[in-house]
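J.: Sharing upload_13.txt (compact mmCIF, C-alpha atoms) below.
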# COMPACT_ATOMS: atom_id res chain seq x y z
CA MET Z 563 181.14 294.20 175.28
CA THR Z 564 179.06 294.23 172.12
CA VAL Z 565 175.39 294.80 172.82
CA THR Z 566 172.54 294.44 170.38
CA ALA Z 567 168.83 295.08 170.45
CA THR Z 568 166.16 292.44 170.19
CA PRO Z 569 162.45 293.15 169.58
CA PRO Z 570 161.19 295.32 172.46
CA ALA Z 571 159.61 293.40 175.31
CA PRO Z 572 157.21 294.71 177.93
CA LYS Z 573 158.56 295.06 181.43
CA LEU Z 574 157.64 292.09 183.59
CA GLU Z 575 155.36 293.09 186.41
CA LEU Z 576 157.43 291.02 188.80
CA PRO Z 577 158.15 292.53 192.23
CA PRO Z 578 161.52 292.14 193.97
CA LEU Z 579 162.04 288.73 195.53
CA LYS Z 580 161.57 288.72 199.29
CA LEU Z 581 163.45 286.08 201.26
CA GLY Z 582 162.78 286.89 204.87
CA ASN Z 583 164.66 290.10 205.60
CA ILE Z 584 166.49 289.99 202.24
CA THR Z 585 165.22 291.78 199.14
CA VAL Z 586 166.56 290.64 195.77
CA ASP Z 587 165.68 293.43 193.33
CA THR Z 588 166.32 291.29 190.26
CA PRO Z 589 164.60 287.97 191.05
CA VAL Z 590 167.37 285.81 189.61
CA ILE Z 591 169.45 283.28 191.54
CA LEU Z 592 172.73 281.71 190.48
CA ALA Z 593 172.42 278.00 191.23
CA PRO Z 594 175.26 276.55 193.28
CA MET Z 595 177.48 274.39 191.06
CA ALA Z 596 180.43 272.40 192.38
CA GLY Z 597 183.74 273.66 191.03
CA ILE Z 598 182.06 276.59 189.26
CA THR Z 599 180.30 279.07 191.53
CA ASN Z 600 183.32 280.00 193.60
CA SER Z 601 183.97 283.62 194.53
CA ALA Z 602 185.77 284.29 191.22
CA PHE Z 603 182.82 283.29 189.05
CA ARG Z 604 180.32 284.96 191.37
CA ARG Z 605 182.22 288.23 191.02
CA LEU Z 606 182.14 288.01 187.23
CA CYS Z 607 178.39 287.43 187.27
CA ARG Z 608 177.73 290.24 189.76
CA GLU Z 609 179.56 292.69 187.54
CA TYR Z 610 176.97 292.16 184.80
CA GLY Z 611 173.69 292.12 186.68
CA GLY Z 612 171.76 291.90 189.89
CA GLY Z 613 170.56 288.78 191.63
CA LEU Z 614 171.43 286.39 194.42
CA TYR Z 615 174.68 284.48 193.93
CA VAL Z 616 174.97 281.19 195.80
CA ALA Z 617 178.31 279.59 196.67
CA GLU Z 618 179.21 275.99 195.83
CA MET Z 619 177.45 273.31 197.84
CA VAL Z 620 179.22 272.38 201.06
CA THR Z 621 178.58 269.27 203.12
CA SER Z 622 177.32 269.82 206.65
CA ARG Z 623 179.74 267.28 208.08
CA ALA Z 624 182.78 268.93 206.50
CA LEU Z 625 181.66 272.33 207.71
CA VAL Z 626 181.17 271.13 211.26
CA GLU Z 627 184.61 269.55 211.11
CA ARG Z 628 185.98 272.82 209.69
CA THR Z 629 187.92 271.27 206.85
CA PRO Z 630 190.01 273.85 204.95
CA GLU Z 631 188.09 273.21 201.73
CA SER Z 632 184.71 273.70 203.37
CA LEU Z 633 185.84 277.00 204.86
CA ARG Z 634 187.11 278.12 201.44
CA ILE Z 635 183.77 277.26 199.85
CA ILE Z 636 181.79 279.43 202.27
CA SER Z 637 184.18 282.38 202.01
CA HIS Z 638 182.79 285.49 200.33
CA ASP Z 639 184.25 288.69 198.95
CA ASP Z 640 183.91 291.69 201.23
CA ASP Z 641 181.56 293.39 198.76
CA GLU Z 642 179.15 290.48 198.36
CA LYS Z 643 175.96 292.09 199.59
CA VAL Z 644 174.29 288.79 200.48
CA ARG Z 645 176.51 285.91 201.56
CA SER Z 646 174.63 282.87 200.33
CA VAL Z 647 175.62 279.30 201.26
CA GLN Z 648 174.14 275.98 200.18
CA LEU Z 649 174.33 273.02 202.56
CA TYR Z 650 174.03 269.34 201.81
CA GLY Z 651 173.25 266.96 204.62
CA VAL Z 652 171.36 263.79 205.54
CA ASP Z 653 171.54 263.88 209.31
CA PRO Z 654 169.30 266.40 211.11
CA VAL Z 655 171.75 266.82 213.98
CA THR Z 656 174.73 267.53 211.71
CA VAL Z 657 172.71 269.86 209.48
CA GLY Z 658 171.53 271.71 212.58
CA GLN Z 659 175.09 272.06 213.84
CA ALA Z 660 176.24 273.41 210.47
CA VAL Z 661 173.44 275.97 210.32
CA ARG Z 662 174.16 277.00 213.92
CA MET Z 663 177.82 277.51 213.05
CA LEU Z 664 176.97 279.70 210.05
CA VAL Z 665 174.56 281.78 212.14
CA ASP Z 666 176.55 282.06 215.37
CA GLU Z 667 179.76 282.97 213.55
CA ASP Z 668 178.01 285.35 211.15
CA ARG Z 669 179.20 283.49 208.05
CA ALA Z 670 176.01 283.66 205.97
CA ASP Z 671 173.03 285.93 205.28
CA HIS Z 672 171.07 283.24 203.43
CA ILE Z 673 171.19 279.45 203.64
CA ASP Z 674 169.84 276.97 201.09
CA LEU Z 675 169.43 273.22 201.57
CA ASN Z 676 170.19 270.87 198.68
CA PHE Z 677 167.59 268.19 197.97
CA GLY Z 678 168.15 268.14 194.24
CA CYS Z 679 171.50 266.47 193.56
CA PRO Z 680 170.99 263.49 191.17
CA VAL Z 681 174.56 262.15 191.27
CA PRO Z 682 174.55 258.37 191.93
CA LYS Z 683 177.15 258.50 194.72
CA VAL Z 684 174.73 260.80 196.57
CA THR Z 685 171.40 259.13 195.83
CA ARG Z 686 172.65 255.59 196.47
CA ARG Z 687 173.11 256.63 200.11
CA GLY Z 688 169.71 258.29 200.26
CA GLY Z 689 170.89 261.87 199.86
CA GLY Z 690 170.09 264.65 197.40
CA SER Z 691 167.02 264.11 195.26
CA ALA Z 692 166.40 260.71 196.87
CA LEU Z 693 165.95 262.14 200.36
CA PRO Z 694 162.49 263.80 200.14
CA TRP Z 695 161.01 260.33 199.51
CA LYS Z 696 161.55 259.68 203.22
CA ILE Z 697 159.07 262.14 204.66
CA ASP Z 698 160.16 261.77 208.29
CA LEU Z 699 163.82 262.40 207.51
CA PHE Z 700 163.09 265.30 205.17
CA THR Z 701 160.78 266.94 207.70
CA SER Z 702 163.27 266.57 210.52
CA ILE Z 703 166.14 268.10 208.52
CA VAL Z 704 164.11 271.07 207.30
CA GLN Z 705 162.53 271.81 210.67
CA THR Z 706 165.88 271.59 212.46
CA ALA Z 707 167.59 273.85 209.92
CA VAL Z 708 164.81 276.45 209.99
CA LYS Z 709 164.83 276.51 213.79
CA GLU Z 710 168.58 277.12 213.94
CA ALA Z 711 168.56 279.70 211.13
CA SER Z 712 165.71 281.64 212.70
CA LYS Z 713 167.81 282.28 215.82
CA GLY Z 714 169.88 284.64 213.72
CA ASN Z 715 167.03 285.85 211.51
CA VAL Z 716 168.71 284.15 208.54
CA PRO Z 717 166.25 283.07 205.82
CA LEU Z 718 166.48 279.41 204.83
CA THR Z 719 165.32 278.03 201.49
CA ILE Z 720 165.34 274.63 199.81
CA LYS Z 721 166.09 273.48 196.27
CA MET Z 722 164.69 270.18 195.04
CA ARG Z 723 163.70 268.10 192.03
CA LYS Z 724 160.33 266.67 191.01
CA GLY Z 725 161.22 263.35 192.59
CA ILE Z 726 163.12 260.15 192.01
CA ASP Z 727 161.33 259.23 188.78
CA ASP Z 728 157.90 259.75 187.26
CA GLU Z 729 156.43 257.01 189.46
CA HIS Z 730 157.91 258.43 192.65
CA LEU Z 731 157.31 262.17 192.69
CA THR Z 732 157.95 264.07 195.88
CA TYR Z 733 157.88 267.78 195.08
CA LEU Z 734 154.33 268.62 196.14
CA ASP Z 735 154.60 266.86 199.51
CA ALA Z 736 158.07 268.28 200.08
CA GLY Z 737 156.91 271.77 199.14
CA ARG Z 738 154.05 271.67 201.63
CA ILE Z 739 156.29 270.33 204.40
CA ALA Z 740 158.91 273.00 203.71
CA ARG Z 741 156.31 275.76 203.75
CA ASP Z 742 154.76 274.50 206.98
CA SER Z 743 158.25 274.31 208.50
CA GLY Z 744 158.85 277.98 207.84
CA VAL Z 745 161.20 278.10 204.85
CA ALA Z 746 161.52 281.45 203.07
CA ALA Z 747 161.15 279.99 199.55
CA VAL Z 748 161.16 276.76 197.58
CA ALA Z 749 163.03 276.25 194.29
CA LEU Z 750 162.10 273.43 191.92
CA HIS Z 751 164.20 271.97 189.12
CA GLY Z 752 161.66 270.54 186.72
CA ARG Z 753 163.39 267.19 186.29
CA THR Z 754 163.50 263.93 188.23
CA ALA Z 755 166.68 262.31 189.49
CA ALA Z 756 166.24 259.67 186.78
CA GLN Z 757 166.45 262.33 184.07
CA PHE Z 758 169.72 263.73 185.41
CA TYR Z 759 170.04 266.77 183.10
CA SER Z 760 168.67 265.11 179.97
CA GLY Z 761 165.48 265.86 178.08
CA GLN Z 762 163.37 268.89 178.81
CA ALA Z 763 162.57 270.41 182.18
CA ASP Z 764 158.90 270.09 183.10
CA TRP Z 765 157.76 273.65 183.59
CA SER Z 766 154.18 272.46 184.15
CA ALA Z 767 155.35 270.88 187.42
CA ILE Z 768 156.82 274.22 188.45
CA ALA Z 769 153.48 275.87 187.70
CA ARG Z 770 151.69 273.20 189.73
CA LEU Z 771 153.95 273.84 192.72
CA ARG Z 772 153.33 277.58 192.38
CA GLU Z 773 149.57 276.92 192.56
CA THR Z 774 150.02 274.57 195.52
CA LEU Z 775 152.08 277.08 197.53
CA PRO Z 776 150.48 280.47 196.97
CA ASP Z 777 151.71 281.81 200.30
CA ILE Z 778 155.52 281.61 199.86
CA PRO Z 779 157.90 282.42 196.99
CA VAL Z 780 158.38 279.63 194.47
CA LEU Z 781 161.38 279.69 192.13
CA GLY Z 782 161.76 277.84 188.83
CA ASN Z 783 164.88 276.09 187.54
CA GLY Z 784 165.65 274.16 184.37
CA ASP Z 785 166.36 275.01 180.71
CA ILE Z 786 166.95 278.73 181.14
CA TRP Z 787 169.52 279.30 178.42
CA SER Z 788 168.63 282.92 177.63
CA ALA Z 789 166.88 285.96 179.04
CA GLU Z 790 163.90 285.13 176.84
CA ASP Z 791 163.68 281.67 178.43
CA ALA Z 792 163.55 283.26 181.88
CA VAL Z 793 160.77 285.65 180.87
CA ARG Z 794 158.81 282.81 179.31
CA MET Z 795 159.17 280.68 182.46
CA VAL Z 796 157.78 283.49 184.61
CA GLN Z 797 154.90 284.04 182.21
CA GLU Z 798 154.05 280.33 181.88
CA THR Z 799 154.46 279.25 185.50
CA GLY Z 800 153.83 282.34 187.62
CA VAL Z 801 157.00 281.84 189.64
CA ASP Z 802 158.44 284.62 191.78
CA GLY Z 803 161.91 284.26 190.33
CA VAL Z 804 164.24 281.99 188.36
CA VAL Z 805 167.28 279.91 189.23
CA VAL Z 806 170.00 279.72 186.57
CA GLY Z 807 172.53 276.89 186.45
CA ARG Z 808 174.22 275.50 183.34
CA GLY Z 809 172.96 278.34 181.15
CA CYS Z 810 175.56 280.74 182.56
CA GLN Z 811 178.54 278.44 182.20
CA GLY Z 812 181.02 280.40 180.11
CA ARG Z 813 178.48 283.25 179.95
CA PRO Z 814 178.64 285.43 183.08
CA TRP Z 815 177.07 288.21 180.98
CA LEU Z 816 173.80 286.22 180.95
CA PHE Z 817 172.96 287.97 184.23
CA GLY Z 818 173.17 291.31 182.43
CA ASP Z 819 170.75 290.01 179.83
CA LEU Z 820 168.41 288.72 182.55
CA MET Z 821 168.35 292.01 184.41
CA ALA Z 822 167.69 293.91 181.18
CA ALA Z 823 164.90 291.55 180.14
CA PHE Z 824 163.15 291.74 183.49
CA GLU Z 825 163.26 295.54 183.20
CA GLY Z 826 161.79 295.43 179.70
CA SER Z 827 165.03 296.45 177.98
CA ASP Z 828 165.94 294.99 174.59
CA VAL Z 829 169.71 295.22 175.19
CA ARG Z 830 171.60 291.92 175.05
CA HIS Z 831 175.30 291.04 175.31
CA ARG Z 832 176.75 289.58 172.12
CA PRO Z 833 180.53 289.39 172.73
CA ASP Z 834 183.06 289.02 169.94
CA VAL Z 835 186.10 286.76 170.38
CA ARG Z 836 188.21 289.58 171.84
CA LYS Z 837 185.70 290.18 174.61
CA VAL Z 838 185.38 286.47 175.36
CA ALA Z 839 189.17 286.14 175.51
CA ASP Z 840 189.37 289.09 177.93
CA SER Z 841 186.68 287.48 180.10
CA VAL Z 842 188.52 284.17 180.17
CA TYR Z 843 191.73 285.88 181.24
CA ARG Z 844 190.01 287.92 183.92
CA HIS Z 845 188.28 284.77 185.18
CA ALA Z 846 191.66 283.07 185.44
CA GLU Z 847 193.15 286.04 187.32
CA LEU Z 848 190.29 285.96 189.81
CA MET Z 849 190.77 282.20 190.21
CA VAL Z 850 194.41 282.79 191.13
CA GLU Z 851 193.22 285.21 193.82
CA THR Z 852 190.64 282.68 195.01
CA PHE Z 853 192.99 279.72 195.33
CA GLY Z 854 196.27 281.51 195.96
CA ASP Z 855 197.87 278.97 193.63
CA GLU Z 856 198.38 279.80 189.95
CA GLY Z 857 198.79 276.16 188.91
CA LYS Z 858 195.55 275.09 190.58
CA ALA Z 859 193.71 278.12 189.20
CA LEU Z 860 194.80 277.36 185.65
CA ARG Z 861 193.76 273.73 186.00
CA GLU Z 862 190.36 274.92 187.19
CA ILE Z 863 189.88 277.39 184.32
CA ARG Z 864 190.36 274.69 181.67
CA LYS Z 865 186.84 273.30 181.99
CA HIS Z 866 185.39 276.78 181.56
CA ILE Z 867 187.21 277.46 178.29
CA ALA Z 868 185.08 275.09 176.18
CA TRP Z 869 181.95 276.78 177.54
CA TYR Z 870 183.26 280.28 176.84
CA PHE Z 871 184.08 279.48 173.22
CA LYS Z 872 181.04 277.34 172.43
CA GLY Z 873 180.01 278.16 168.86
CA TYR Z 874 183.00 280.41 168.15
CA VAL Z 875 185.44 279.66 165.37
CA VAL Z 876 188.48 278.35 167.22
CA GLY Z 877 190.74 275.82 165.55
CA GLY Z 878 191.25 272.41 167.08
CA GLU Z 879 194.94 273.02 167.72
CA LEU Z 880 194.23 276.23 169.62
CA ARG Z 881 191.47 274.59 171.64
CA THR Z 882 193.95 271.90 172.65
CA LYS Z 883 196.52 274.48 173.68
CA LEU Z 884 193.92 276.36 175.72
CA ALA Z 885 192.98 273.14 177.47
CA LEU Z 886 196.59 272.67 178.58
CA VAL Z 887 197.57 276.13 179.81
CA THR Z 888 199.73 276.14 182.92
CA SER Z 889 200.17 279.85 183.73
CA LEU Z 890 198.56 283.23 183.18
CA GLU Z 891 201.40 284.14 180.85
CA VAL Z 892 200.82 281.10 178.66
CA LEU Z 893 197.06 281.70 178.74
CA ARG Z 894 197.47 285.29 177.54
CA GLU Z 895 199.88 284.25 174.77
CA THR Z 896 197.51 281.52 173.60
CA LEU Z 897 194.43 283.74 173.68
CA ASN Z 898 196.30 286.31 171.55
CA GLN Z 899 196.62 283.68 168.83
CA LEU Z 900 192.85 283.72 168.33
CA ASP Z 901 191.19 285.76 165.60
CA LEU Z 902 190.22 288.43 168.12
CA ASP Z 903 188.16 290.40 165.58
CA SER Z 904 185.88 287.45 164.87
CA PRO Z 905 182.27 288.49 165.63
CA TYR Z 906 179.64 286.92 167.81
CA PRO Z 907 178.53 283.72 166.02
CA GLY Z 908 174.87 284.01 166.91
CA VAL Z 909 172.75 281.01 167.81
CA ASP Z 910 175.74 278.64 167.76
CA ALA Z 911 177.03 280.30 170.93
CA GLU Z 912 173.72 279.96 172.72
CA GLY Z 913 171.53 277.14 173.98
CA PRO Z 914 172.38 274.13 176.16
CA ARG Z 915 175.86 273.74 177.57
CA GLY Z 916 177.51 271.44 180.06
CA ARG Z 917 177.05 267.69 180.33
CA ALA Z 918 173.43 266.58 180.23
CA GLY Z 919 174.02 262.92 180.94
CA SER Z 920 171.34 260.42 179.98
CA PRO Z 921 168.25 259.04 181.70
CA LYS Z 922 169.11 256.19 184.04
CA LYS Z 923 167.61 254.27 186.89
CA PRO Z 924 168.60 256.15 190.04
CA ALA Z 925 170.97 254.42 192.43
CA LEU Z 926 169.17 254.07 195.76
CA PRO Z 927 169.68 252.33 199.10
CA LYS Z 928 168.24 248.84 199.46
CA ASP Z 929 164.42 248.79 199.63
CA TRP Z 930 164.34 252.60 199.56
CA LEU Z 931 161.08 252.81 197.62
CA GLU Z 932 159.16 250.25 199.67
CA SER Z 933 158.11 252.83 202.26
CA ARG Z 934 158.18 256.58 202.72
CA ALA Z 935 159.60 256.10 206.22
CA LEU Z 936 163.14 255.01 207.12
CA ASN Z 937 163.67 251.51 208.45
CA ASP Z 938 166.42 250.72 210.95
CA ALA Z 939 168.91 249.53 208.34
CA GLN Z 940 168.40 252.62 206.21
CA SER Z 941 168.81 254.89 209.21
CA LYS Z 942 172.22 253.38 209.86
CA ASP Z 943 173.28 253.45 206.22
CA ILE Z 944 172.23 257.01 205.45
CA SER Z 945 174.53 258.39 208.14
CA ALA Z 946 177.45 257.61 205.81
CA ALA Z 947 175.97 259.55 202.88
CA GLU Z 948 177.91 262.74 203.47
CA LEU Z 949 181.28 261.01 203.55
CA ASP Z 950 181.45 260.37 199.80
CA VAL Z 951 180.19 263.74 198.60
CA SER Z 952 182.32 266.56 197.23
CA GLY Z 953 181.79 269.99 198.67
CA GLY Z 954 184.29 270.34 201.42
Produce C-alpha cells that represent the structure in this file.
T.:
Amino acid sequence: MTVTATPPAPKLELPPLKLGNITVDTPVILAPMAGITNSAFRRLCREYGGGLYVAEMVTSRALVERTPESLRIISHDDDEKVRSVQLYGVDPVTVGQAVRMLVDEDRADHIDLNFGCPVPKVTRRGGGSALPWKIDLFTSIVQTAVKEASKGNVPLTIKMRKGIDDEHLTYLDAGRIARDSGVAAVALHGRTAAQFYSGQADWSAIARLRETLPDIPVLGNGDIWSAEDAVRMVQETGVDGVVVGRGCQGRPWLFGDLMAAFEGSDVRHRPDVRKVADSVYRHAELMVETFGDEGKALREIRKHIAWYFKGYVVGGELRTKLALVTSLEVLRETLNQLDLDSPYPGVDAEGPRGRAGSPKKPALPKDWLESRALNDAQSKDISAAELDVSGG
C-alpha cells in the first residue's frame, strides 16, 4: 500500500469512546449498510484500522423468526472483538423479543437501533426516519430494547436523522427520550428523510444535539469522505466520535487514515492500481467464504468494483468486463489486464461515492404528520412495516 504524508496535524484530544462496558480506542464506527457491511467487508476494514464495525441492518421480525438470511447477517468472525448488530423494527414487542434473543443466546456485544432509514418502502409504513415523529411509539421501542439489553449488560445505541423534513424535525426530542431511556450513545446523520443522501449534511444540527445531550456520547454522521473531514467534524461539533458510511465504499483503507489522523499522524493510504486490484480480489475471496457460493459472491462484488476504481484510469471495455465477472479465476484474469503500475490519481479517487438520490417528499402513512401520537388506523398499519424491508 502506497502511503504519503500530508501536512502534520495535531493529535486530537479525543478520549476513547465508551459505550457501556465497551471501550472503542479509535472513536470511529462503520455504519451498517445493506449488502455492504457483511463480515467480508468488515474484515477488510478492521485490517486497516481500529473502530467499531457494525453488521448490516437486520429486521427484528426476521430475526425472531430465525430466517437463514437474518442469521447470516448477525454472524461474526471469531476474531471480531465486538460483535455489533443493528436492528430495525416498528413493534416494541417484536423489537424486545429480538434484543432478548441476541442477549440470551450471546449473539451480540453491542446493539444499535435504526431510526434513520429514508427509503420510501420503509417510511411509507412509518418506519425508519419517519418513526421518531410518533413520540409514544419511539419511546416504547427504545425503552423496551434498553430494558432487554440491560439484562445482559449489552450497551444499546440509536442512529437517527434530523427528522422527516425541515418542518418536521425530531432529533432533539428523540435524543432526549433516548438518553432518558438509558441508551449508551446517540448517532445523528445530519440530513432529513426528505434529503435522502443529497445536498450537504447539516453539521450544525449535530453540534446542537451535542450541546443538548452533554451527559452521553453523541456521534456524528454525514459527509465524511476523508480523515480530514472526520477531524473537522469533531472540531466543529464536539462529538465523541464519527460514523462513516458511503465514504468507505471501495476504500476499506479509509479506516487506516482515520486512525492515523486521530493520532496526529500525517500518513495516508494512496493506493496505486495494483494495490486496488489486489484489494478487490481479496474482497471477492472473503465474499466467497462469507456466502459459501462463488457465483453469489461474484455477483455481490460487482457493485463494489465501480467504487474501488473511482477516479482511476480504467477503460470502458475493462469496466464492463469487471462488472460481468462470474468466477474468481475470471476476476483475476480481468484485473491483470489493468495498467497495474498506474499511480494513485489523487483527488479524482476521493470525495462522494455511492448513490445520493435527490430530495423528495417522504412517503408516509396517511395523516402521519397530523399528530405526534399514533391513531388506531396507524397502529394497525405500522405492524406491517417490517414485512417489506430488506435485512433478513
J.: Just give me the gap between atom CA of Val590 of chain Z and atom CA of Asp641 of chain Z in Å, one decimal is fine.
T.: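 Separation of atom CA of Val590 of chain Z and atom CA of Asp641 of chain Z: 18.5 Å.
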J.: Mind pulling up the distance from atom CA of Leu592 of chain Z to atom CA of Gly807 of chain Z?
T.: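 So the two atoms, atom CA of Gly807 of chain Z and atom CA of Leu592 of chain Z, lie 6.3 Å apart.
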J.: Pick out the closest residue to Leu931 of chain Z from this set: Z:Asp943, Z:Glu729, Z:Asp639, Z:Glu825. Count all atoms listed in the file.
T.: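 Checking each candidate against Leu931 of chain Z, we get Z:Glu729 as the closest.
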J.: Which is closest to Thr732 of chain Z among Z:Gln797, Z:Asn583, Z:Thr754, Z:Asn600, if we use all atoms listed in the file?
T.: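 Checking each of Z:Gln797, Z:Asn583, Z:Thr754, Z:Asn600 against Thr732 of chain Z, counting all atoms listed in the file, the winner is Z:Thr754.
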J.: Would you mind telling me which residue in Z:Thr629, Z:Ser841, Z:Gln659, Z:Asn676 lies nearest to Pro594 of chain Z when using all atoms listed in the file?
T.: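 Checking each of Z:Thr629, Z:Ser841, Z:Gln659, Z:Asn676 against Pro594 of chain Z, counting all atoms listed in the file, the winner is Z:Asn676.
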J.: For Val801 of chain Z, find every residue with an atom within 6 Å (counting only C-alpha atoms), except residues of its own chain fewer than 4 positions away, and show them as a ChimeraX atom specification.
T.: /Z:780-781,796
J.: Under the rule that only C-alpha atoms are counted, which of Z:Gly916, Z:Gly803, Z:Gly689, Z:Pro680 is the nearest residue to Ala868 of chain Z?
T.: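 Among the listed residues, Z:Gly916 lies closest to Ala868 of chain Z.
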J.: Would you work out the distance separating atom CA of Ala602 of chain Z from atom CA of Pro682 of chain Z, expressed in Å to one decimal?
T.: 28.3 Å
J.: Of the residues Z:Arg686, Z:Lys724, Z:Lys713, Z:Arg753, which is the one nearest to Leu771 of chain Z, using all atoms listed in the file?
T.: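 Between Z:Arg686, Z:Lys724, Z:Lys713, Z:Arg753, the residue approaching Leu771 of chain Z most closely is Z:Lys724.
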J.: Nearest to Lys696 of chain Z among Z:Arg772, Z:His730, Z:Arg741, Z:Arg628, with distances taken over only C-alpha atoms: which residue is it?
T.: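 Residue with the minimum atom-to-atom distance to Lys696 of chain Z: Z:His730.
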J.: With only C-alpha atoms as the counted atoms, please give the residues lying no more than 7 Å from Ile636 of chain Z, apart from itself and same-chain residues fewer than 2 positions off, as a PyMOL selection string.
T.: chain Z and resi 617+632-634+638+647
J.: Please return, as an NGL selection string, all polymer residues that have at least one atom within 9 Å of the point (182.1, 279.2, 178.5); use all atoms listed in the file and the file's own coordinate frame.
T.: :Z and (810-814 or 838 or 842 or 865-872 or 915)
J.: Given 5 Å on each side, where is the centre and what are the edge lengths in Å to one decimal of the axis-aligned box enclosing the listed atoms of segment 655-666 of chain Z, as lines of an AutoDock Vina configuration file?
T.:
center_x = 174.7
center_y = 274.4
center_z = 212.4
size_x = 16.3
size_y = 25.2
size_z = 15.9
J.: Given the point (155.2, 274.1, 196.6) in the coordinates of this file, which residues lie within 9 Å, counting all atoms listed in the file, and how would they look as a list in words?
T.: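 Residues with an atom at most 9 Å from (155.2, 274.1, 196.6): Tyr733, Leu734, Asp735, Ala736, Gly737, Arg738, Ile739, Ala740, Arg741, Ala747, Val748, Ala749, Leu750, Ile768, Arg770, Leu771, Arg772, Glu773, Thr774, Leu775, Pro776, Ile778, Pro779 and Val780 of chain Z.
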